[in-house]
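Asks: The structure file structure_23.pdb (PDB, C-alpha atoms) is provided below.
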ATOM      1  CA  MET K   7      55.918 -71.557 -34.994
ATOM      2  CA  LYS K   8      56.310 -67.919 -33.931
ATOM      3  CA  GLN K   9      52.658 -67.846 -32.873
ATOM      4  CA  ASP K  10      53.250 -70.841 -30.577
ATOM      5  CA  LYS K  11      56.234 -69.083 -28.956
ATOM      6  CA  ASP K  12      54.243 -65.849 -28.595
ATOM      7  CA  LEU K  13      51.324 -67.680 -27.003
ATOM      8  CA  GLU K  14      53.593 -69.583 -24.633
ATOM      9  CA  ALA K  15      55.317 -66.329 -23.617
ATOM     10  CA  LEU K  16      51.910 -64.749 -22.979
ATOM     11  CA  VAL K  17      50.805 -67.720 -20.847
ATOM     12  CA  ARG K  18      54.056 -67.610 -18.828
ATOM     13  CA  GLN K  19      53.575 -63.874 -18.274
ATOM     14  CA  ARG K  20      49.992 -64.405 -17.118
ATOM     15  CA  ILE K  21      50.974 -67.213 -14.734
ATOM     16  CA  ARG K  22      53.660 -65.082 -13.121
ATOM     17  CA  GLY K  23      51.413 -62.010 -13.044
ATOM     18  CA  LEU K  24      48.548 -63.881 -11.383
ATOM     19  CA  ARG K  25      50.908 -65.488  -8.868
ATOM     20  CA  VAL K  26      52.446 -62.135  -7.926
ATOM     21  CA  ALA K  27      49.025 -60.415  -7.798
ATOM     22  CA  ARG K  28      47.928 -63.007  -5.230
ATOM     23  CA  GLY K  29      51.087 -62.426  -3.210
ATOM     24  CA  TRP K  30      52.206 -66.037  -3.631
ATOM     25  CA  SER K  31      55.795 -67.203  -3.786
ATOM     26  CA  LEU K  32      56.906 -69.833  -6.279
ATOM     27  CA  ASP K  33      56.789 -72.349  -3.413
ATOM     28  CA  GLU K  34      53.170 -71.480  -2.569
ATOM     29  CA  LEU K  35      51.920 -71.834  -6.146
ATOM     30  CA  ALA K  36      54.003 -74.973  -6.686
ATOM     31  CA  THR K  37      52.407 -76.573  -3.613
ATOM     32  CA  ARG K  38      48.913 -75.631  -4.802
ATOM     33  CA  CYS K  39      49.407 -77.129  -8.284
ATOM     34  CA  LEU K  40      51.529 -80.108  -7.190
ATOM     35  CA  LEU K  41      54.649 -79.088  -9.140
ATOM     36  CA  SER K  42      58.159 -78.559  -7.838
ATOM     37  CA  PRO K  43      59.197 -74.916  -7.333
ATOM     38  CA  SER K  44      62.085 -75.414  -9.775
ATOM     39  CA  THR K  45      59.726 -76.723 -12.488
ATOM     40  CA  LEU K  46      57.406 -73.787 -11.946
ATOM     41  CA  SER K  47      60.345 -71.371 -12.047
ATOM     42  CA  ARG K  48      61.556 -72.841 -15.341
ATOM     43  CA  ILE K  49      58.032 -72.592 -16.765
ATOM     44  CA  GLU K  50      57.731 -68.933 -15.760
ATOM     45  CA  THR K  51      61.170 -68.037 -17.145
ATOM     46  CA  GLY K  52      60.738 -69.929 -20.419
ATOM     47  CA  HIS K  53      63.391 -72.540 -19.739
ATOM     48  CA  ARG K  54      60.779 -75.275 -19.900
ATOM     49  CA  ARG K  55      57.776 -75.762 -22.180
ATOM     50  CA  ILE K  56      54.405 -75.954 -20.478
ATOM     51  CA  ALA K  57      52.666 -79.309 -20.760
ATOM     52  CA  LEU K  58      48.879 -79.239 -20.999
ATOM     53  CA  ASP K  59      48.422 -81.131 -17.724
ATOM     54  CA  GLN K  60      50.738 -78.647 -15.984
ATOM     55  CA  MET K  61      48.858 -75.697 -17.463
ATOM     56  CA  ALA K  62      45.549 -77.168 -16.280
ATOM     57  CA  ALA K  63      46.895 -77.674 -12.749
ATOM     58  CA  ILE K  64      48.368 -74.146 -12.649
ATOM     59  CA  ALA K  65      45.133 -72.598 -13.953
ATOM     60  CA  ARG K  66      43.098 -74.493 -11.348
ATOM     61  CA  ALA K  67      45.445 -73.360  -8.559
ATOM     62  CA  LEU K  68      45.239 -69.746  -9.738
ATOM     63  CA  GLY K  69      41.438 -69.915  -9.965
ATOM     64  CA  VAL K  70      41.233 -69.241 -13.714
ATOM     65  CA  THR K  71      40.239 -71.317 -16.715
ATOM     66  CA  LEU K  72      42.545 -72.582 -19.435
ATOM     67  CA  ASP K  73      40.687 -70.286 -21.826
ATOM     68  CA  GLN K  74      41.599 -67.288 -19.690
ATOM     69  CA  LEU K  75      45.264 -68.289 -19.673
ATOM     70  CA  VAL K  76      45.459 -68.670 -23.452
ATOM     71  CA  GLU K  77      42.988 -66.046 -24.714
ATOM     72  CA  SER K  78      44.269 -63.670 -27.352
ATOM     73  CA  ASP K  79      45.848 -60.362 -26.441
ATOM     74  CA  ALA K  80      45.134 -58.874 -29.884
ATOM     75  CA  ASP K  81      43.711 -55.366 -30.161
ATOM     76  CA  ASP K  82      40.429 -56.854 -31.395
ATOM     77  CA  ASP K  83      39.774 -57.921 -27.791
ATOM     78  CA  VAL K  84      40.202 -54.326 -26.618
ATOM     79  CA  VAL K  85      38.958 -52.117 -29.423
ATOM     80  CA  ILE K  86      35.291 -52.502 -30.267
ATOM     81  CA  ARG K  87      34.803 -51.671 -33.906
ATOM     82  CA  PRO K  88      31.397 -50.914 -35.393
ATOM     83  CA  TYR K  89      29.617 -53.189 -37.816
ATOM     84  CA  CYS K  90      27.558 -51.197 -40.322
ATOM     85  CA  ASN K  91      24.577 -52.869 -41.966
ATOM     86  CA  GLU K  92      23.360 -50.197 -44.388
ATOM     87  CA  GLU K  93      20.596 -52.434 -45.711
ATOM     88  CA  ARG K  94      19.035 -52.627 -42.232
ATOM     89  CA  GLY K  95      19.940 -49.017 -41.331
ATOM     90  CA  ILE K  96      21.783 -50.044 -38.170
ATOM     91  CA  THR K  97      25.397 -49.780 -37.038
ATOM     92  CA  THR K  98      26.264 -52.058 -34.105
ATOM     93  CA  TRP K  99      28.976 -52.014 -31.453
ATOM     94  CA  LEU K 100      28.910 -55.291 -29.473
ATOM     95  CA  LEU K 101      29.956 -54.239 -25.981
ATOM     96  CA  SER K 102      29.476 -57.545 -24.220
ATOM     97  CA  ARG K 103      28.163 -60.968 -25.064
ATOM     98  CA  ASP K 104      27.674 -64.033 -22.917
ATOM     99  CA  SER K 105      25.413 -67.056 -23.101
ATOM    100  CA  ASN K 106      22.425 -65.204 -21.628
ATOM    101  CA  GLN K 107      22.519 -61.676 -23.004
ATOM    102  CA  THR K 108      24.166 -59.188 -25.317
ATOM    103  CA  VAL K 109      24.883 -55.546 -24.558
ATOM    104  CA  ALA K 110      25.182 -53.420 -27.675
ATOM    105  CA  LYS K 111      25.219 -49.819 -28.765
ATOM    106  CA  LEU K 112      23.177 -49.237 -31.922
ATOM    107  CA  ARG K 113      23.139 -46.265 -34.272
ATOM    108  CA  VAL K 114      19.745 -46.387 -35.959
ATOM    109  CA  THR K 115      19.192 -44.478 -39.214
ATOM    110  CA  ARG K 116      16.166 -46.339 -40.563
ATOM    111  CA  GLU K 117      12.535 -45.464 -40.053
ATOM    112  CA  VAL K 118      10.333 -47.935 -38.184
ATOM    113  CA  PRO K 119       9.917 -51.067 -40.317
ATOM    114  CA  GLU K 120       6.365 -52.044 -41.230
ATOM    115  CA  ASP K 121       7.170 -55.653 -40.364
ATOM    116  CA  LEU K 122       6.637 -56.231 -36.608
ATOM    117  CA  ARG K 123       8.403 -59.212 -35.025
ATOM    118  CA  VAL K 124       7.881 -61.357 -31.953
ATOM    119  CA  HIS K 125      10.256 -63.625 -30.055
ATOM    120  CA  PRO K 126      10.446 -65.017 -26.523
ATOM    121  CA  GLY K 127      11.931 -62.792 -23.825
ATOM    122  CA  ARG K 128      12.217 -59.115 -22.980
ATOM    123  CA  ASP K 129      14.112 -56.221 -24.581
ATOM    124  CA  TRP K 130      15.522 -53.169 -22.856
ATOM    125  CA  PHE K 131      17.098 -50.033 -24.331
ATOM    126  CA  THR K 132      17.945 -46.477 -23.365
ATOM    127  CA  VAL K 133      18.278 -43.629 -25.837
ATOM    128  CA  LEU K 134      21.681 -41.929 -25.879
ATOM    129  CA  SER K 135      20.904 -39.431 -28.666
ATOM    130  CA  GLY K 136      18.032 -38.653 -31.007
ATOM    131  CA  THR K 137      14.561 -40.134 -30.722
ATOM    132  CA  ILE K 138      13.450 -43.729 -31.218
ATOM    133  CA  VAL K 139       9.984 -44.646 -32.442
ATOM    134  CA  LEU K 140       8.925 -47.910 -30.819
ATOM    135  CA  ARG K 141       5.950 -49.753 -32.247
ATOM    136  CA  LEU K 142       4.407 -52.218 -29.806
ATOM    137  CA  GLY K 143       1.399 -53.860 -31.375
ATOM    138  CA  GLU K 144      -1.009 -51.022 -32.175
ATOM    139  CA  ARG K 145       0.853 -48.499 -30.001
ATOM    140  CA  THR K 146       3.481 -46.034 -31.237
ATOM    141  CA  ILE K 147       5.749 -44.727 -28.491
ATOM    142  CA  MET K 148       8.351 -41.967 -28.811
ATOM    143  CA  VAL K 149      11.416 -42.604 -26.626
ATOM    144  CA  GLY K 150      13.757 -39.623 -26.255
ATOM    145  CA  VAL K 151      17.227 -38.940 -24.887
ATOM    146  CA  ASN K 152      17.795 -40.293 -21.372
ATOM    147  CA  GLU K 153      14.571 -42.292 -21.519
ATOM    148  CA  ALA K 154      14.417 -46.074 -21.531
ATOM    149  CA  ALA K 155      11.982 -48.721 -22.677
ATOM    150  CA  GLU K 156      11.527 -52.296 -21.464
ATOM    151  CA  PHE K 157       8.905 -54.628 -22.869
ATOM    152  CA  SER K 158       7.837 -58.190 -23.519
ATOM    153  CA  THR K 159       9.035 -59.272 -26.923
ATOM    154  CA  MET K 160       6.000 -61.512 -27.338
ATOM    155  CA  VAL K 161       4.203 -58.279 -28.279
ATOM    156  CA  PRO K 162       4.785 -57.582 -31.997
ATOM    157  CA  HIS K 163       7.391 -54.832 -32.102
ATOM    158  CA  ALA K 164       9.829 -52.825 -34.194
ATOM    159  CA  PHE K 165      11.837 -49.632 -33.722
ATOM    160  CA  GLY K 166      13.404 -46.947 -35.868
ATOM    161  CA  ALA K 167      14.787 -43.420 -35.756
ATOM    162  CA  HIS K 168      12.578 -40.314 -35.770
ATOM    163  CA  GLY K 169      13.829 -37.086 -37.350
ATOM    164  CA  GLY K 170      17.383 -38.285 -37.980
ATOM    165  CA  PRO K 171      19.821 -40.826 -36.564
ATOM    166  CA  ALA K 172      19.461 -42.047 -32.996
ATOM    167  CA  GLU K 173      21.788 -44.034 -30.756
ATOM    168  CA  ILE K 174      20.663 -46.532 -28.148
ATOM    169  CA  LEU K 175      22.263 -48.808 -25.610
ATOM    170  CA  CYS K 176      20.387 -52.092 -25.472
ATOM    171  CA  ILE K 177      20.401 -55.352 -23.564
ATOM    172  CA  LEU K 178      19.104 -58.287 -25.561
ATOM    173  CA  ASP K 179      18.595 -61.916 -24.687
ATOM    174  CA  HIS K 180      19.623 -64.589 -27.209
ATOM    175  CA  GLU K 181      16.375 -64.370 -29.185
ATOM    176  CA  GLY K 182      16.465 -60.561 -29.164
ATOM    177  CA  GLU K 183      20.019 -60.610 -30.469
ATOM    178  CA  ARG K 184      19.036 -62.889 -33.348
ATOM    179  CA  SER K 185      15.994 -60.782 -34.179
ATOM    180  CA  HIS K 186      17.417 -57.264 -33.832
ATOM    181  CA  LEU K 187      21.047 -57.705 -34.762
ATOM    182  CA  GLY K 188      20.294 -60.189 -37.505
ATOM    183  CA  PRO K 189      22.247 -63.203 -38.736
ATOM    184  CA  ALA K 190      25.001 -61.003 -40.153
ATOM    185  CA  SER K 191      25.883 -59.479 -36.767
ATOM    186  CA  PRO K 192      29.583 -59.434 -35.960
ATOM    187  CA  LEU K 193      31.056 -62.100 -33.747
ATOM    188  CA  PRO K 194      33.233 -61.172 -30.791
TER
END
Would you mind giving the structure from this file in structure tokens?

Replies:
Amino acid sequence: MKQDKDLEALVRQRIRGLRVARGWSLDELATRCLLSPSTLSRIETGHRRIALDQMAAIARALGVTLDQLVESDADDDVVIRPYCNEERGITTWLLSRDSNQTVAKLRVTREVPEDLRVHPGRDWFTVLSGTIVLRLGERTIMVGVNEAAEFSTMVPHAFGAHGGPAEILCILDHEGERSHLGPASPLP
């Protein structure tokens, strides 16, 4: 029950905040979402519960999705905590994930695996610290600090650290995420 009240309070706060940020009065938002100004006022102040159809109309008028109105405000959405996979020799910080690509910071402690993989798409990474050994087919390429690599992932490939841990920032498509971050990667 408390969670419902907390969520409703958060939604009311977001509605009011978005309305004020747009410079709209209660009357202006009420007109845009086809509610009376008094109903909207009672929703914002917590004197009336928000019905789903009202929330949908308000979200549409404010130009946001229902998901954006009700998304969690927990620290997990702000603080990105590392996921350490000692078996694979990689620690991962998921910085961003959408349906097309994932941006992640990786701390690589393993040497280059013997097993080279292929998958559709392209991978891109830049080295933040240390040196990465990139194996592309028969080629072995050393990628140092402030250098980047971008390649077709249809070429058999693998990467690892050279001479100690290395950190990279990478952009992976869906297939690259599955291949490089593995099935045990953390979810956002």

Asks: I'd like the residues picked by the PyMOL selection byres ((chain K and resi 17-32) around 7) written out as an mmCIF file with C-alpha atoms, keeping the file's coordinate frame, using the chain letters and numbers from the file.

Replies:
data_model
loop_
_atom_site.group_PDB
_atom_site.id
_atom_site.type_symbol
_atom_site.label_atom_id
_atom_site.label_comp_id
_atom_site.auth_asym_id
_atom_site.auth_seq_id
_atom_site.Cartn_x
_atom_site.Cartn_y
_atom_site.Cartn_z
ATOM 1 C CA LEU K 13 51.324 -67.680 -27.003
ATOM 2 C CA GLU K 14 53.593 -69.583 -24.633
ATOM 3 C CA ALA K 15 55.317 -66.329 -23.617
ATOM 4 C CA LEU K 16 51.910 -64.749 -22.979
ATOM 5 C CA ASP K 33 56.789 -72.349 -3.413
ATOM 6 C CA GLU K 34 53.170 -71.480 -2.569
ATOM 7 C CA LEU K 35 51.920 -71.834 -6.146
ATOM 8 C CA ALA K 36 54.003 -74.973 -6.686
ATOM 9 C CA PRO K 43 59.197 -74.916 -7.333
ATOM 10 C CA LEU K 46 57.406 -73.787 -11.946
ATOM 11 C CA SER K 47 60.345 -71.371 -12.047
ATOM 12 C CA ILE K 49 58.032 -72.592 -16.765
ATOM 13 C CA GLU K 50 57.731 -68.933 -15.760
ATOM 14 C CA LEU K 68 45.239 -69.746 -9.738
ATOM 15 C CA LEU K 75 45.264 -68.289 -19.673
ATOM 16 C CA VAL K 76 45.459 -68.670 -23.452
#

Asks: Under the rule that all atoms listed in the file are counted, which of K:Val133, K:Leu122, K:Ile138, K:Ala67 is the nearest residue to K:Gly169?

Replies: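 Looking at the shortest contact to K:Gly169, the residue is K:Ile138.
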
Asks: My list of candidates is K:Arg128, K:Ser42, K:Arg66, K:Glu93. Which is closest to K:Gln107 when distances are computed with only C-alpha atoms?

Replies: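 Nearest candidate to K:Gln107 out of K:Arg128, K:Ser42, K:Arg66, K:Glu93: K:Arg128.
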
Asks: Just the residues within 8 Å of K:His163, please, counting only C-alpha atoms, with nothing from its chain fewer than 5 positions along; format it as a PyMOL selection string.

Replies: chain K and resi 122-124+140-143

Asks: Please determine, counting only C-alpha atoms, which residue among K:Gly52, K:Val85, K:Ile96, K:Thr132 has the shortest atom-to-atom distance to K:Lys11.

Replies: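 Residue with the minimum atom-to-atom distance to K:Lys11: K:Gly52.
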
Asks: With only C-alpha atoms as the atoms that count, which of K:Asp12, K:Glu117, K:Glu153, K:Asp179 lies nearest to K:Phe131?

Replies: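 Once distances to K:Phe131 are computed over only C-alpha atoms, the minimum belongs to K:Glu153.
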
Asks: Work out how far atom CA of K:Glu173 is from atom CA of K:Val149, in Å to one decimal.

Replies: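 Distance reported for this atom pair: 11.3 Å.
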
Asks: Env of K:Trp99: 6 Å cut, atoms = all atoms listed in the file, seq-sep filter 4 positions within chain, self excluded. Answer as an NGL selection string.

Replies: :K and (88 or 110-111)

Asks: Here's the selection I'm unsure about, the PyMOL selection byres ((chain K and resi 158) around 8); applied to the file above, which residues does it give, as a list of chain:residue names?

Replies: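 When the PyMOL selection byres ((chain K and resi 158) around 8) is applied to the shown file, the picked residues are K:Pro126, K:Gly127, K:Arg128, K:Asp129, K:Glu156, K:Phe157, K:Thr159, K:Met160, K:Val161.
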
Asks: Separation of atom CA of K:Thr51 and atom CA of K:Ile64, in Å?

Replies: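 Interatomic distance, atom CA of K:Thr51 to atom CA of K:Ile64: 14.9 Å.
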
Asks: Report, in Å to a single decimal, how far apart atom CA of K:Val109 and atom CA of K:Ala164 are.

Replies: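 Taking atom CA of K:Ala164 and atom CA of K:Val109, their separation equals 18.1 Å.
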
Asks: Mind filling out stretch 117-137 of chain K with N, CA and C atoms and sending it as a PDB file, keeping the file's coordinate frame?

Replies:
ATOM      1  N   GLU K 117      13.843 -45.730 -40.646  1.00  0.00           N
ATOM      2  CA  GLU K 117      12.535 -45.464 -40.053  1.00  0.00           C
ATOM      3  C   GLU K 117      12.010 -46.778 -39.491  1.00  0.00           C
ATOM      4  N   VAL K 118      10.909 -46.715 -38.759  1.00  0.00           N
ATOM      5  CA  VAL K 118      10.333 -47.935 -38.184  1.00  0.00           C
ATOM      6  C   VAL K 118       9.887 -48.869 -39.302  1.00  0.00           C
ATOM      7  N   PRO K 119      10.367 -50.115 -39.294  1.00  0.00           N
ATOM      8  CA  PRO K 119       9.917 -51.067 -40.317  1.00  0.00           C
ATOM      9  C   PRO K 119       8.426 -51.375 -40.156  1.00  0.00           C
ATOM     10  N   GLU K 120       7.779 -51.655 -41.265  1.00  0.00           N
ATOM     11  CA  GLU K 120       6.365 -52.044 -41.230  1.00  0.00           C
ATOM     12  C   GLU K 120       6.211 -53.425 -40.604  1.00  0.00           C
ATOM     13  N   ASP K 121       7.198 -54.266 -40.821  1.00  0.00           N
ATOM     14  CA  ASP K 121       7.170 -55.653 -40.364  1.00  0.00           C
ATOM     15  C   ASP K 121       7.453 -55.705 -38.860  1.00  0.00           C
ATOM     16  N   LEU K 122       6.460 -56.087 -38.052  1.00  0.00           N
ATOM     17  CA  LEU K 122       6.637 -56.231 -36.608  1.00  0.00           C
ATOM     18  C   LEU K 122       7.017 -57.677 -36.308  1.00  0.00           C
ATOM     19  N   ARG K 123       7.926 -57.867 -35.365  1.00  0.00           N
ATOM     20  CA  ARG K 123       8.403 -59.212 -35.025  1.00  0.00           C
ATOM     21  C   ARG K 123       8.060 -59.563 -33.590  1.00  0.00           C
ATOM     22  N   VAL K 124       8.031 -60.852 -33.320  1.00  0.00           N
ATOM     23  CA  VAL K 124       7.881 -61.357 -31.953  1.00  0.00           C
ATOM     24  C   VAL K 124       8.937 -62.430 -31.727  1.00  0.00           C
ATOM     25  N   HIS K 125       9.345 -62.562 -30.476  1.00  0.00           N
ATOM     26  CA  HIS K 125      10.256 -63.625 -30.055  1.00  0.00           C
ATOM     27  C   HIS K 125      10.161 -63.739 -28.545  1.00  0.00           C
ATOM     28  N   PRO K 126      10.511 -64.872 -27.984  1.00  0.00           N
ATOM     29  CA  PRO K 126      10.446 -65.017 -26.523  1.00  0.00           C
ATOM     30  C   PRO K 126      11.393 -64.049 -25.833  1.00  0.00           C
ATOM     31  N   GLY K 127      11.030 -63.597 -24.646  1.00  0.00           N
ATOM     32  CA  GLY K 127      11.931 -62.792 -23.825  1.00  0.00           C
ATOM     33  C   GLY K 127      11.477 -61.371 -23.620  1.00  0.00           C
ATOM     34  N   ARG K 128      12.452 -60.533 -23.230  1.00  0.00           N
ATOM     35  CA  ARG K 128      12.217 -59.115 -22.980  1.00  0.00           C
ATOM     36  C   ARG K 128      13.369 -58.337 -23.604  1.00  0.00           C
ATOM     37  N   ASP K 129      13.086 -57.128 -24.075  1.00  0.00           N
ATOM     38  CA  ASP K 129      14.112 -56.221 -24.581  1.00  0.00           C
ATOM     39  C   ASP K 129      14.156 -54.996 -23.686  1.00  0.00           C
ATOM     40  N   TRP K 130      15.329 -54.395 -23.626  1.00  0.00           N
ATOM     41  CA  TRP K 130      15.522 -53.169 -22.856  1.00  0.00           C
ATOM     42  C   TRP K 130      16.459 -52.276 -23.648  1.00  0.00           C
ATOM     43  N   PHE K 131      16.151 -50.982 -23.730  1.00  0.00           N
ATOM     44  CA  PHE K 131      17.098 -50.033 -24.331  1.00  0.00           C
ATOM     45  C   PHE K 131      16.927 -48.667 -23.707  1.00  0.00           C
ATOM     46  N   THR K 132      17.989 -47.876 -23.772  1.00  0.00           N
ATOM     47  CA  THR K 132      17.945 -46.477 -23.365  1.00  0.00           C
ATOM     48  C   THR K 132      18.483 -45.649 -24.520  1.00  0.00           C
ATOM     49  N   VAL K 133      17.906 -44.484 -24.711  1.00  0.00           N
ATOM     50  CA  VAL K 133      18.278 -43.629 -25.837  1.00  0.00           C
ATOM     51  C   VAL K 133      19.408 -42.704 -25.411  1.00  0.00           C
ATOM     52  N   LEU K 134      20.509 -42.769 -26.151  1.00  0.00           N
ATOM     53  CA  LEU K 134      21.681 -41.929 -25.879  1.00  0.00           C
ATOM     54  C   LEU K 134      21.602 -40.605 -26.640  1.00  0.00           C
ATOM     55  N   SER K 135      21.073 -40.660 -27.872  1.00  0.00           N
ATOM     56  CA  SER K 135      20.904 -39.431 -28.666  1.00  0.00           C
ATOM     57  C   SER K 135      19.787 -39.650 -29.668  1.00  0.00           C
ATOM     58  N   GLY K 136      19.127 -38.564 -30.050  1.00  0.00           N
ATOM     59  CA  GLY K 136      18.032 -38.653 -31.007  1.00  0.00           C
ATOM     60  C   GLY K 136      16.752 -39.149 -30.351  1.00  0.00           C
ATOM     61  N   THR K 137      15.845 -39.609 -31.190  1.00  0.00           N
ATOM     62  CA  THR K 137      14.561 -40.134 -30.722  1.00  0.00           C
ATOM     63  C   THR K 137      14.279 -41.450 -31.435  1.00  0.00           C
TER      64      THR K 137
END
